[in-house]
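Trainee: There's a structure below that I have some questions on.
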Amino acid sequence: MAHWLLKTEPEAFSLDDLKARGQEPWDGIRNYQARNFLRQMRVGDEVFIYHSRVPVPGIVGIARIVTEAHPDPTQFDPQSPYYDAGSSPADPRWDLVDIAYLAHCVPAVSLESLREMPEFADNPLVRKGNRLSIVPISESQWQAVLARVTLV
DNA sequence: GCCAACGTTGGC
DNA sequence: GCCAACGTTGGC
């Protein structure tokens with residue numbers, strides 16, 4: 001089982017929103033590297049949910065992949081902010097996966113603490129200027145974070 | 001709100 | 001195919 005980290009701006013969609021809905025299509029990914037990671041995800045993979053663009057960015061909870069990658073319908077919707085005129089239904093450019101809420105991490109694990117963890121030294125998440133919205137997480141990184149939190 | 005870093009676009 | 005311009009991301 002692989003692990004991943006998904007970034008979200010809680011002002012747009014937060015872990016609490018995911019908890020309230022139970023399950024949600026993770027739509028709007030418009031970056032090829034992130035899309036390729038989406039396509040590697042398998043049902044049952046567990047992911048960290050990370051809040052960005054907040055006073056203390058960091059990992060706030062965990063979720064589970066419940067569908068494999070399939071075309072993101074928002075790419076075909078001219079009303080959607082994620083509309084992509086260059087993508088055709090015959091050959092969709094962008095995918096999404098559906099994720100289900102599992103738990104909050106208490107306490108949250110801030111980016112600052114991740115930077116201090118040796119397991120994360122090579123993770124793109126802690127690199128300056130990193131803009132990847134989906135990041136692979138190794139087993140040791142996954143365990144190191146879980147060792148610091150209670151799942152609530 | 002600022003701005004560095006990055007990915008994408010498009011003129012040539 | 002290069003690369004300047006542009007738009008976006010995300011920490012601070």
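As shown in the structure tokens, the chain order sets the letters A, B, ...; within each chain, residues go from 1, and ligands are also counted from 1 in the order they appear.
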Show which residues sit within 8 Å of DG10 in chain C, as a PyMOL selection string. Count only C-alpha atoms (C1' of nucleotides), and ignore same-chain residues fewer than 4 positions away.

Mentor: chain A and resi 52-53+129+131

Trainee: Output as a ChimeraX atom specification the set of chain B residues within 10 Å of chain A, with distances taken over only C-alpha atoms (C1' of nucleotides).

Mentor: /B:4-8

Trainee: Would you mind exporting all heavy atoms of the selected residues as a short mmCIF file (atom, residue, chain, number, x, y, z; two decimals), in the first residue's frame?

Mentor:
```cif
data_model
loop_
_atom_site.label_atom_id
_atom_site.label_comp_id
_atom_site.auth_asym_id
_atom_site.auth_seq_id
_atom_site.Cartn_x
_atom_site.Cartn_y
_atom_site.Cartn_z
P DA B 4 10.93 38.39 -4.55
OP1 DA B 4 11.54 39.32 -3.60
OP2 DA B 4 10.83 38.69 -5.99
"O5'" DA B 4 11.61 36.97 -4.38
"C5'" DA B 4 11.60 36.34 -3.11
"C4'" DA B 4 11.44 34.85 -3.29
"O4'" DA B 4 10.06 34.51 -3.54
"C3'" DA B 4 12.24 34.26 -4.44
"O3'" DA B 4 12.68 33.00 -4.00
"C2'" DA B 4 11.21 34.16 -5.56
"C1'" DA B 4 9.93 33.85 -4.79
N9 DA B 4 8.69 34.36 -5.37
C8 DA B 4 8.48 35.56 -5.99
N7 DA B 4 7.23 35.74 -6.37
C5 DA B 4 6.58 34.60 -5.96
C6 DA B 4 5.23 34.18 -6.06
N6 DA B 4 4.27 34.90 -6.63
N1 DA B 4 4.92 32.97 -5.55
C2 DA B 4 5.88 32.25 -4.96
N3 DA B 4 7.17 32.53 -4.81
C4 DA B 4 7.45 33.73 -5.34
P DA B 5 13.65 32.08 -4.88
OP1 DA B 5 14.53 31.38 -3.95
OP2 DA B 5 14.16 32.89 -6.00
"O5'" DA B 5 12.63 31.04 -5.49
"C5'" DA B 5 11.96 30.14 -4.62
"C4'" DA B 5 10.99 29.34 -5.44
"O4'" DA B 5 9.92 30.20 -5.89
"C3'" DA B 5 11.61 28.71 -6.69
"O3'" DA B 5 11.37 27.32 -6.60
"C2'" DA B 5 10.88 29.38 -7.86
"C1'" DA B 5 9.57 29.84 -7.21
N9 DA B 5 8.95 31.01 -7.80
C8 DA B 5 9.55 32.20 -8.15
N7 DA B 5 8.72 33.09 -8.64
C5 DA B 5 7.48 32.45 -8.61
C6 DA B 5 6.19 32.86 -8.99
N6 DA B 5 5.91 34.06 -9.50
N1 DA B 5 5.18 31.98 -8.83
C2 DA B 5 5.46 30.76 -8.31
N3 DA B 5 6.63 30.27 -7.92
C4 DA B 5 7.61 31.18 -8.10
P DC B 6 12.06 26.29 -7.59
OP1 DC B 6 12.26 25.06 -6.80
OP2 DC B 6 13.17 26.95 -8.29
"O5'" DC B 6 10.90 26.01 -8.64
"C5'" DC B 6 9.67 25.47 -8.14
"C4'" DC B 6 8.60 25.73 -9.13
"O4'" DC B 6 8.41 27.13 -9.33
"C3'" DC B 6 8.89 25.18 -10.53
"O3'" DC B 6 8.18 23.97 -10.67
"C2'" DC B 6 8.37 26.26 -11.48
"C1'" DC B 6 7.71 27.27 -10.55
N1 DC B 6 7.79 28.67 -11.00
C2 DC B 6 6.61 29.35 -11.32
O2 DC B 6 5.54 28.75 -11.24
N3 DC B 6 6.67 30.64 -11.73
C4 DC B 6 7.85 31.25 -11.81
N4 DC B 6 7.85 32.52 -12.21
C5 DC B 6 9.06 30.59 -11.47
C6 DC B 6 9.00 29.31 -11.07
P DG B 7 8.32 23.04 -11.97
OP1 DG B 7 8.20 21.65 -11.54
OP2 DG B 7 9.47 23.50 -12.77
"O5'" DG B 7 6.99 23.45 -12.76
"C5'" DG B 7 5.73 23.26 -12.14
"C4'" DG B 7 4.65 23.66 -13.12
"O4'" DG B 7 4.68 25.09 -13.33
"C3'" DG B 7 4.78 23.03 -14.50
"O3'" DG B 7 3.47 22.72 -14.96
"C2'" DG B 7 5.45 24.12 -15.33
"C1'" DG B 7 4.91 25.40 -14.69
N9 DG B 7 5.82 26.53 -14.72
C8 DG B 7 7.17 26.52 -14.43
N7 DG B 7 7.73 27.70 -14.53
C5 DG B 7 6.69 28.53 -14.91
C6 DG B 7 6.69 29.92 -15.17
O6 DG B 7 7.62 30.71 -15.11
N1 DG B 7 5.42 30.38 -15.53
C2 DG B 7 4.30 29.58 -15.61
N2 DG B 7 3.16 30.20 -15.97
N3 DG B 7 4.29 28.29 -15.37
C4 DG B 7 5.51 27.83 -15.03
P DT B 8 3.22 22.16 -16.44
OP1 DT B 8 2.05 21.26 -16.36
OP2 DT B 8 4.50 21.71 -17.02
"O5'" DT B 8 2.78 23.49 -17.21
"C5'" DT B 8 1.67 24.22 -16.73
"C4'" DT B 8 1.37 25.35 -17.69
"O4'" DT B 8 2.41 26.34 -17.62
"C3'" DT B 8 1.28 24.93 -19.17
"O3'" DT B 8 0.07 25.50 -19.65
"C2'" DT B 8 2.54 25.51 -19.80
"C1'" DT B 8 2.80 26.73 -18.92
N1 DT B 8 4.20 27.20 -18.78
C2 DT B 8 4.47 28.54 -18.97
O2 DT B 8 3.62 29.36 -19.27
N3 DT B 8 5.79 28.91 -18.77
C4 DT B 8 6.82 28.07 -18.43
O4 DT B 8 7.95 28.52 -18.27
C5 DT B 8 6.48 26.68 -18.25
C7 DT B 8 7.54 25.70 -17.87
C6 DT B 8 5.20 26.31 -18.43
#
```

Trainee: If you run DSSP on the backbone here, which positions in range 1-150 of chain A get strand (DSSP E or B)? Please write them as JSON, numbers by chain.

Mentor: {"A": [3, 4, 5, 6, 7, 8, 23, 24, 25, 46, 47, 48, 49, 50, 51, 58, 59, 60, 61, 62, 63, 64, 65, 70, 71, 88, 91, 95, 96, 98, 99, 100, 101, 102, 103, 104, 105, 106, 107, 108, 109, 110, 134, 135, 136, 137, 150]}

Trainee: Could you write those residues out with N, CA and C atoms, as a short mmCIF file (atom, residue, chain, number, x, y, z; two decimals), in the first residue's frame?

Mentor:
```cif
data_model
loop_
_atom_site.label_atom_id
_atom_site.label_comp_id
_atom_site.auth_asym_id
_atom_site.auth_seq_id
_atom_site.Cartn_x
_atom_site.Cartn_y
_atom_site.Cartn_z
N HIS A 3 1.46 5.50 0.12
CA HIS A 3 0.93 6.64 0.86
C HIS A 3 1.20 7.92 0.09
N TRP A 4 0.34 8.90 0.30
CA TRP A 4 0.41 10.16 -0.42
C TRP A 4 0.02 11.28 0.52
N LEU A 5 0.31 12.49 0.07
CA LEU A 5 -0.13 13.67 0.81
C LEU A 5 -0.87 14.57 -0.17
N LEU A 6 -2.05 15.00 0.23
CA LEU A 6 -2.87 15.87 -0.62
C LEU A 6 -2.99 17.23 0.04
N LYS A 7 -2.63 18.27 -0.71
CA LYS A 7 -2.74 19.63 -0.17
C LYS A 7 -4.12 20.20 -0.48
N THR A 8 -4.61 20.97 0.45
CA THR A 8 -5.83 21.73 0.19
C THR A 8 -5.78 23.04 0.96
N GLN A 23 -17.21 11.52 2.04
CA GLN A 23 -16.46 11.15 0.83
C GLN A 23 -16.54 12.30 -0.16
N GLU A 24 -15.49 12.44 -0.99
CA GLU A 24 -15.46 13.58 -1.90
C GLU A 24 -14.57 13.30 -3.10
N PRO A 25 -14.99 13.72 -4.30
CA PRO A 25 -14.08 13.65 -5.44
C PRO A 25 -12.99 14.72 -5.31
N GLU A 46 -3.70 5.06 1.81
CA GLU A 46 -4.06 6.08 2.79
C GLU A 46 -3.23 7.34 2.55
N VAL A 47 -3.84 8.48 2.79
CA VAL A 47 -3.22 9.76 2.45
C VAL A 47 -3.30 10.71 3.64
N PHE A 48 -2.28 11.56 3.74
CA PHE A 48 -2.35 12.69 4.66
C PHE A 48 -3.11 13.83 3.97
N ILE A 49 -3.93 14.51 4.73
CA ILE A 49 -4.55 15.75 4.26
C ILE A 49 -3.78 16.91 4.89
N TYR A 50 -3.34 17.83 4.03
CA TYR A 50 -2.45 18.92 4.43
C TYR A 50 -3.14 20.24 4.13
N HIS A 51 -3.13 21.13 5.12
CA HIS A 51 -3.72 22.45 4.92
C HIS A 51 -2.61 23.46 4.54
N GLY A 58 0.24 22.47 7.58
CA GLY A 58 0.69 21.17 8.06
C GLY A 58 -0.33 20.08 7.83
N ILE A 59 0.04 18.88 8.31
CA ILE A 59 -0.82 17.70 8.18
C ILE A 59 -1.88 17.74 9.27
N VAL A 60 -3.14 17.62 8.85
CA VAL A 60 -4.24 17.74 9.82
C VAL A 60 -5.06 16.46 9.95
N GLY A 61 -4.88 15.51 9.02
CA GLY A 61 -5.69 14.30 9.15
C GLY A 61 -5.35 13.28 8.09
N ILE A 62 -6.11 12.20 8.08
CA ILE A 62 -5.89 11.15 7.10
C ILE A 62 -7.20 10.76 6.42
N ALA A 63 -7.03 10.24 5.20
CA ALA A 63 -8.17 9.81 4.39
C ALA A 63 -7.75 8.58 3.60
N ARG A 64 -8.73 7.95 2.96
CA ARG A 64 -8.45 6.73 2.18
C ARG A 64 -8.92 6.92 0.75
N ILE A 65 -8.12 6.40 -0.17
CA ILE A 65 -8.51 6.40 -1.58
C ILE A 65 -9.62 5.35 -1.76
N HIS A 70 -10.10 8.45 -12.44
CA HIS A 70 -11.02 8.46 -13.59
C HIS A 70 -11.21 9.91 -13.99
N PRO A 71 -11.73 10.17 -15.21
CA PRO A 71 -11.74 11.55 -15.71
C PRO A 71 -12.47 12.53 -14.77
N SER A 88 -10.56 16.86 -24.36
CA SER A 88 -11.76 16.33 -25.01
C SER A 88 -12.21 15.05 -24.29
N ASP A 91 -10.45 11.97 -25.10
CA ASP A 91 -9.09 11.80 -24.59
C ASP A 91 -8.88 12.75 -23.41
N ASP A 95 -7.58 13.76 -14.40
CA ASP A 95 -8.27 12.72 -13.63
C ASP A 95 -8.53 13.19 -12.21
N LEU A 96 -9.37 12.43 -11.53
CA LEU A 96 -9.53 12.62 -10.09
C LEU A 96 -9.63 11.25 -9.43
N ASP A 98 -11.58 9.55 -5.76
CA ASP A 98 -12.48 9.85 -4.65
C ASP A 98 -11.81 9.42 -3.36
N ILE A 99 -11.96 10.27 -2.34
CA ILE A 99 -11.34 9.96 -1.05
C ILE A 99 -12.41 9.97 0.04
N ALA A 100 -12.17 9.18 1.09
CA ALA A 100 -13.09 9.10 2.22
C ALA A 100 -12.36 9.52 3.49
N TYR A 101 -13.07 10.27 4.32
CA TYR A 101 -12.52 10.72 5.60
C TYR A 101 -12.19 9.54 6.51
N LEU A 102 -11.04 9.61 7.16
CA LEU A 102 -10.73 8.61 8.19
C LEU A 102 -10.63 9.23 9.58
N ALA A 103 -9.78 10.25 9.74
CA ALA A 103 -9.57 10.79 11.09
C ALA A 103 -8.84 12.13 11.03
N HIS A 104 -8.97 12.88 12.12
CA HIS A 104 -8.12 14.03 12.35
C HIS A 104 -6.86 13.56 13.07
N CYS A 105 -5.75 14.22 12.81
CA CYS A 105 -4.53 14.02 13.56
C CYS A 105 -4.45 15.06 14.66
N VAL A 106 -4.32 14.60 15.90
CA VAL A 106 -4.21 15.51 17.04
C VAL A 106 -2.94 15.19 17.81
N PRO A 107 -2.05 16.19 17.92
CA PRO A 107 -2.14 17.52 17.30
C PRO A 107 -1.83 17.44 15.81
N ALA A 108 -2.15 18.51 15.08
CA ALA A 108 -1.71 18.60 13.69
C ALA A 108 -0.17 18.64 13.67
N VAL A 109 0.41 18.19 12.56
CA VAL A 109 1.87 18.18 12.44
C VAL A 109 2.26 19.28 11.46
N SER A 110 2.82 20.34 12.01
CA SER A 110 3.10 21.53 11.20
C SER A 110 4.23 21.28 10.21
N ILE A 134 0.25 17.11 -4.85
CA ILE A 134 0.21 15.72 -4.42
C ILE A 134 1.64 15.24 -4.27
N VAL A 135 1.96 14.72 -3.09
CA VAL A 135 3.34 14.36 -2.78
C VAL A 135 3.37 12.90 -2.32
N PRO A 136 4.27 12.08 -2.87
CA PRO A 136 4.42 10.72 -2.36
C PRO A 136 5.01 10.73 -0.94
N ILE A 137 4.52 9.81 -0.13
CA ILE A 137 4.97 9.69 1.27
C ILE A 137 5.49 8.26 1.46
N THR A 150 -2.43 11.42 17.79
CA THR A 150 -3.55 10.53 18.09
C THR A 150 -4.56 10.72 16.96
#
```

Trainee: Let's see if you can do this: from backbone DSSP, list all alpha helix (DSSP H) residues in chain A, as a ChimeraX atom specification.

Mentor: /A:15-21,32-40,111-116,139-146

Trainee: So that I can see what lies close to Thr74 in chain A, please list as a list in words the residues with an atom at most 12 Å from it, counting only C-alpha atoms (C1' of nucleotides) and leaving out residues fewer than 3 positions away in the same chain.

Mentor: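 So the residues in contact are Pro25, Trp26, Asp27, Gly28, Ile29, Arg30, His70, Pro71, Asp77, Pro78, Gln79, Ser80, Pro81, Tyr82, Tyr83, Asp84, Ala85, Ser87, Ser88, Pro89, Pro92, Arg93, Trp94, Asp95 and Leu96 of chain A.
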
Trainee: Restricting the output to C-alpha atoms, write the selected residues as a PDB file, in the first residue's frame.

Mentor:
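Here's the written file result28.pdb:
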```pdb
ATOM      1  CA  PRO A  25     -14.079  13.649  -5.445  1.00  0.00           C
ATOM      2  CA  TRP A  26     -10.619  15.234  -5.285  1.00  0.00           C
ATOM      3  CA  ASP A  27     -11.115  17.359  -8.385  1.00  0.00           C
ATOM      4  CA  GLY A  28      -9.294  20.287  -9.920  1.00  0.00           C
ATOM      5  CA  ILE A  29      -5.806  18.771 -10.226  1.00  0.00           C
ATOM      6  CA  ARG A  30      -4.285  20.581 -13.227  1.00  0.00           C
ATOM      7  CA  HIS A  70     -11.016   8.459 -13.589  1.00  0.00           C
ATOM      8  CA  PRO A  71     -11.741  11.549 -15.707  1.00  0.00           C
ATOM      9  CA  ASP A  77     -17.642  22.206 -17.672  1.00  0.00           C
ATOM     10  CA  PRO A  78     -17.289  25.745 -19.073  1.00  0.00           C
ATOM     11  CA  GLN A  79     -18.795  27.079 -15.841  1.00  0.00           C
ATOM     12  CA  SER A  80     -16.132  25.434 -13.710  1.00  0.00           C
ATOM     13  CA  PRO A  81     -12.972  27.255 -12.650  1.00  0.00           C
ATOM     14  CA  TYR A  82     -11.206  24.014 -13.616  1.00  0.00           C
ATOM     15  CA  TYR A  83     -12.547  24.023 -17.190  1.00  0.00           C
ATOM     16  CA  ASP A  84      -9.938  23.066 -19.791  1.00  0.00           C
ATOM     17  CA  ALA A  85     -10.970  23.850 -23.358  1.00  0.00           C
ATOM     18  CA  SER A  87      -9.306  18.540 -23.137  1.00  0.00           C
ATOM     19  CA  SER A  88     -11.760  16.329 -25.008  1.00  0.00           C
ATOM     20  CA  PRO A  89     -14.053  13.616 -23.602  1.00  0.00           C
ATOM     21  CA  PRO A  92      -9.454  13.354 -21.144  1.00  0.00           C
ATOM     22  CA  ARG A  93      -6.443  15.201 -19.890  1.00  0.00           C
ATOM     23  CA  TRP A  94      -7.264  15.346 -16.148  1.00  0.00           C
ATOM     24  CA  ASP A  95      -8.273  12.720 -13.632  1.00  0.00           C
ATOM     25  CA  LEU A  96      -9.531  12.620 -10.088  1.00  0.00           C
TER      26      LEU A  96
END
```
